[in-house]
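The structure appears right after this line, and notes come after that.
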Amino acid sequence: MHLVEAVLFLMALVIVSNVLSHYIVAVPVSLIQVALGLGAALFFHLEINLATDWFMLLFIAPLLFYDGRNFPRRELWELRGPIIGNAIFLVFVTMLVGGYLIHFLIPPMPLPASFALAAILSPTDPIAVQSLAKRVHLPKGVLHLVSGESLINDASGLIGFKYGIAATMTGTFVLGNAVRDFFYVAIVGALAGLVLISLINLSRKWLLQQGINDVILHTILQVLTPFFIYLVVDEFMHASGVIAVVVAGLLSNTRYNRYIAALPELRIVSERTWDIIVYTLNGIIFLILGIELPVAMTDTIADHEVSTFQALGFVVVVYLGILIVRTLWIYGYMLLAKRSKEGKASWRAALLSGISGVRGAITLVGVLAVPAALSNGDAFPERSLMLFIAAGVVVLSLIVAIIALPLVTRSVAPLQTRGSTIVTDDSGDQDDDSNDIRIISLSQAQTFVFQMAVRRVESERRETNQKAALDLIAEYQYLIRRLELAEDTGAAIPPLIQDELDLRKVGVQGELYALDDLWRDNKIMSKSYAKARKQLQHRLNDLDSMAKRSGRPTFRMLFERSALRLSHWWYTVASEQNRSHRFFNERLFIEKETAKGGLKYLSQFLRQKENKAHNYNRQVIYALIVQYRNRIASVKALNTHKSTQYEQELGRLRAIAFAAERAAIHDLIEKGYITMTMAQKLNQNVNFTENAATLTSLEEV
């Protein structure tokens, strides 16, 4: 198969795998991609001639750069000790212990070759780690440790592999040269990454100073950065391009980069571009892993000297040996940390870190570089068995992590959203048994789905579509409020209602202050001031009455609400003559300024220390803010005739919101928060609402 056809075929398989993952939620997409790659190799005879150098350049360099850009720097600094220990010393300990274990199991395999195999099995795969973290709720310490070490342990693993193979080829090994080589590639690689990314950032700053601020240009420069740095460091300096791109990624998006602040849209465009790149490369890597499995395993399966079951036994023993070494190492570090400061050594956390250390494509691609023959022309000893064990450990580590991590963690990834009432606690190491997998109720799931729709609509809100976006958000807020009230059946007046009444009173008081300021500054007439103040005072009295009536509105409130809708309708259909009248414009002016005053006073109130301690319901706060913004946007919209544009924009935002609801439902079922039956009910609700909205729009046309 030609290269272009192979690339297009792989991208098509990436799309197919993600479509399948939507329906096969119990299996991670990475494992589906491995299976598809294996199927492509077996049924379509797809072959890819892999070389470690170009694989590192095209796949590992951009992905590690991206991981470095997004890795939390504070956590990286706090865990610098265990990360360096795992990425360097644990790799060499695994190389020694694993090498002797492999040589003991397979005596025909020379000890240097056994060390090489153990070394290439040592690095963990950051892509696989992130894939697993989406499905299970790993404690933050474990996730950051495993992710941090996976950024830099490729260098130490490849060094050990390189010298093990060299010793097998030549029959000699010089420890001093290996140590010196490692420190050279690591230190020079880190310094080179620091210098090169600094020069690139200075170049971007110079381009901005010259007026060259094209967002697409700067995005392309950012995407090309990891390839350029890796090539320069690896090819010309013969240092670690892996460490160089990681350092560059960590320093590429610091707050001191002025070009990012100067081009705020650059972050949006670049993040979307990186999302596409990472989405594609991640999928292709796991597909390649599946495609290369027959290459790595066929010779051993066909070998009559070593049975397939015996080879599989070697895979299991080697994996368990590496897992035990890793778990003991991490537990030992916890014991040392406990002696130096307050802490807790946990076998469960150590086991989590051990299982999370999944091996990936870098292991298989590296071991495929083992030469077929020695320097004297003899066949490389046990090469086929080396490939089989490496491929088997990669697949086994992924399968064990998929099965074991949910059992060990006993929890799923938490739901996180603004104002969410179903966010799980993420504090501590989670060593207790209280973090059982939580199947949330249908009402809680529906609330989360609505909140995801609100977040998506909020991200689409612009100056040109304020009214449509805020109206749609207000609809969702009303639905969320109904769900939360249905859940709250305890007190005479639910806490949510009490918070809303208190905060509404604060907002109305702010509106009164703003109205008084307008009067003192002679910006409004006495008649308008008196009428508006009377209405606001009635609103305060009504809120007090509602507090006495368990939150139920008074008859006057219902009447005034209808009158308000009627007045807004009148403003909308008013003739140009009425619109030019001073009283009409003054009413709009008062409406807008008092809304601004209420929003400002409410924000100041919530920032006060004693009010922060009250912990007002965040959903209520957000709903009130949206209502005030909607009032301001409504006044602005009354001065323009854009009803057709409004309806079109509202329809577009509804479609986006429905897509966000469906994505949220899939996220819930994938993470184990809801059952398939609940997912079907939620999807039926979305379909019903979408059909109703479509029929309504058709009737209006």
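By convention here, the chains of the structure tokens are called A, B, ... in the order presented, each chain's residues are numbered starting at 1, and ligands are numbered starting at 1 in the order presented.
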- Task: Select from range 106-276 of chain A everything DSSP, run on the backbone, classes as alpha helix (DSSP H), then give the selection as JSON, numbers by chain.
- Result: {"A": [111, 112, 113, 114, 115, 116, 117, 118, 119, 120, 121, 126, 127, 128, 129, 130, 131, 132, 133, 140, 141, 142, 143, 144, 145, 146, 147, 148, 149, 150, 151, 152, 153, 154, 155, 156, 157, 158, 159, 160, 161, 162, 163, 164, 165, 166, 167, 168, 169, 170, 175, 176, 177, 178, 179, 180, 181, 182, 183, 184, 185, 186, 187, 188, 189, 190, 191, 192, 193, 194, 195, 196, 197, 198, 199, 200, 201, 202, 203, 204, 205, 206, 207, 208, 209, 215, 216, 217, 218, 219, 220, 221, 222, 223, 224, 225, 226, 227, 228, 229, 230, 231, 241, 242, 243, 244, 245, 246, 247, 248, 249, 250, 251, 252, 258, 259, 260, 261, 262, 264, 265, 266, 267, 268, 269, 270, 271, 272, 273, 274, 275, 276]}
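By chain and then residue number, the residues within 12 Å of Pro72 in chain A are Asp67, Gly68, Arg69, Asn70, Arg74, Glu75, Leu76, Trp77, Glu78, Leu79, Lys140, Gly141, Leu143, His144, Leu145, Ser147, Gly148, Gly249, Leu250, Leu251, Asn253 and Thr254 of chain A, counting only C-alpha atoms and disregarding those fewer than 2 positions away in sequence.
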Take the residues that were just selected and, keeping C-alpha atoms, output them as a PDB file, in the first residue's frame.
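selection_37.pdb, written as the output of this step:
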```
ATOM      1  CA  ASP A  67       1.804  17.307  27.089  1.00  0.00           C
ATOM      2  CA  GLY A  68       4.485  19.694  28.324  1.00  0.00           C
ATOM      3  CA  ARG A  69       2.363  22.694  27.306  1.00  0.00           C
ATOM      4  CA  ASN A  70      -0.574  21.430  29.340  1.00  0.00           C
ATOM      5  CA  ARG A  74       3.300  23.666  40.123  1.00  0.00           C
ATOM      6  CA  GLU A  75       2.547  19.963  40.502  1.00  0.00           C
ATOM      7  CA  LEU A  76       5.569  19.127  38.360  1.00  0.00           C
ATOM      8  CA  TRP A  77       7.821  21.126  40.687  1.00  0.00           C
ATOM      9  CA  GLU A  78       6.271  19.687  43.831  1.00  0.00           C
ATOM     10  CA  LEU A  79       6.770  16.123  42.532  1.00  0.00           C
ATOM     11  CA  LYS A 140      -4.089  13.625  41.458  1.00  0.00           C
ATOM     12  CA  GLY A 141      -0.774  12.663  43.030  1.00  0.00           C
ATOM     13  CA  LEU A 143      -1.794  10.896  37.871  1.00  0.00           C
ATOM     14  CA  HIS A 144       0.750  13.721  38.007  1.00  0.00           C
ATOM     15  CA  LEU A 145       3.532  11.335  39.040  1.00  0.00           C
ATOM     16  CA  SER A 147       2.296  11.590  33.664  1.00  0.00           C
ATOM     17  CA  GLY A 148       5.388  13.519  34.767  1.00  0.00           C
ATOM     18  CA  GLY A 249       6.603  22.566  25.880  1.00  0.00           C
ATOM     19  CA  LEU A 250       6.757  23.481  29.563  1.00  0.00           C
ATOM     20  CA  LEU A 251       8.132  26.941  28.696  1.00  0.00           C
ATOM     21  CA  ASN A 253       2.935  28.890  27.223  1.00  0.00           C
ATOM     22  CA  THR A 254       4.220  30.746  30.268  1.00  0.00           C
TER      23      THR A 254
END
```
- Message: Just checking: using only C-alpha atoms, which residue out of A:Tyr230, A:Tyr163, A:Tyr333, A:Phe236 ends up closest to Pro82 in chain A?
- Response: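 Once distances to Pro82 in chain A are computed over only C-alpha atoms, the minimum belongs to A:Tyr333.
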- Between A:Val508, A:Val223, A:Ile362, A:Ala659, which has the minimum distance to Gly597 in chain A (counting only C-alpha atoms)?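 Smallest separation from Gly597 in chain A among the options: A:Val508.
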- Query: Between A:Met237, A:Met297, A:Val247, A:Ala119, which is the closest to Leu312 in chain A once you count only C-alpha atoms?
  - Reply: A:Met297
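Of the listed residues (A:Asn541, A:Ser375, A:Thr170, A:Asn86), A:Asn86 comes nearest to Trp329 in chain A; the distances count only C-alpha atoms.
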- Message: My list of candidates is A:Asp214, A:Val626, A:Phe65, A:Thr168. Which is closest to Ser252 in chain A when distances are computed with only C-alpha atoms?
- Response: A:Phe65
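Between Ile165 in chain A and the candidates A:Ser114, A:Ser122, A:Gln648, A:Ser384, the tightest atom-to-atom separation, counting only C-alpha atoms, involves A:Ser114.
Take CA of Glu593 in chain A and CA of His538 in chain A: the distance between them is 18.7 Å.
CA of Leu398 in chain A sits 18.8 Å away from CA of Arg348 in chain A.
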- Close residues, Leu191 in chain A itself excluded, 9 Å, only C-alpha atoms, min 5 positions apart in chain, as a list in words: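 Residues near the query, excluding close chain neighbours: Ala186, Leu196, Ala244 and Val247 of chain A.
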Write out, as a tab-separated table (two decimals), in the first residue's frame, the residues just selected, with all heavy atoms.
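Saved result, out34.tsv, follows:
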```tsv
chain	number	residue	atom	x	y	z
A	186	ALA	N	20.95	14.07	28.48
A	186	ALA	CA	19.90	14.64	29.33
A	186	ALA	C	20.13	16.13	29.58
A	186	ALA	O	19.24	16.96	29.36
A	186	ALA	CB	19.84	13.89	30.65
A	196	LEU	N	16.43	27.02	22.73
A	196	LEU	CA	15.70	27.09	21.47
A	196	LEU	C	14.30	27.67	21.63
A	196	LEU	O	13.86	28.48	20.81
A	196	LEU	CB	15.63	25.69	20.84
A	196	LEU	CG	16.95	25.14	20.28
A	196	LEU	CD1	16.78	23.70	19.83
A	196	LEU	CD2	17.45	26.01	19.14
A	244	ALA	N	14.34	17.70	25.23
A	244	ALA	CA	14.33	19.06	24.68
A	244	ALA	C	12.91	19.52	24.38
A	244	ALA	O	12.53	20.64	24.73
A	244	ALA	CB	15.19	19.12	23.42
A	247	VAL	N	10.93	20.16	27.70
A	247	VAL	CA	11.30	21.44	28.30
A	247	VAL	C	10.71	22.59	27.50
A	247	VAL	O	10.18	23.56	28.06
A	247	VAL	CB	12.83	21.56	28.41
A	247	VAL	CG1	13.23	22.97	28.84
A	247	VAL	CG2	13.39	20.54	29.38
```
- Task: For Val358 in chain A, list every protein, DNA or RNA residue within 6 Å, evaluated using only C-alpha atoms, and leave out those in the same chain fewer than 3 positions away; present the list as number ranges by chain.
- Result: A: 124-125, 397-398
Selection export as a PDB file, in the first residue's frame, atoms kept: N, CA and C atoms:
```pdb
ATOM      1  N   THR A 124       7.189   4.367  30.567  1.00  0.00           N
ATOM      2  CA  THR A 124       5.726   4.371  30.513  1.00  0.00           C
ATOM      3  C   THR A 124       5.267   5.277  29.378  1.00  0.00           C
ATOM      4  N   ASP A 125       4.052   5.059  28.930  1.00  0.00           N
ATOM      5  CA  ASP A 125       3.532   5.767  27.763  1.00  0.00           C
ATOM      6  C   ASP A 125       2.573   6.872  28.212  1.00  0.00           C
ATOM      7  N   SER A 397      -0.123  -4.914  29.700  1.00  0.00           N
ATOM      8  CA  SER A 397      -0.164  -3.770  30.621  1.00  0.00           C
ATOM      9  C   SER A 397      -1.392  -2.914  30.369  1.00  0.00           C
ATOM     10  N   LEU A 398      -1.772  -2.766  29.100  1.00  0.00           N
ATOM     11  CA  LEU A 398      -2.959  -1.984  28.775  1.00  0.00           C
ATOM     12  C   LEU A 398      -4.227  -2.685  29.249  1.00  0.00           C
TER      13      LEU A 398
END
```
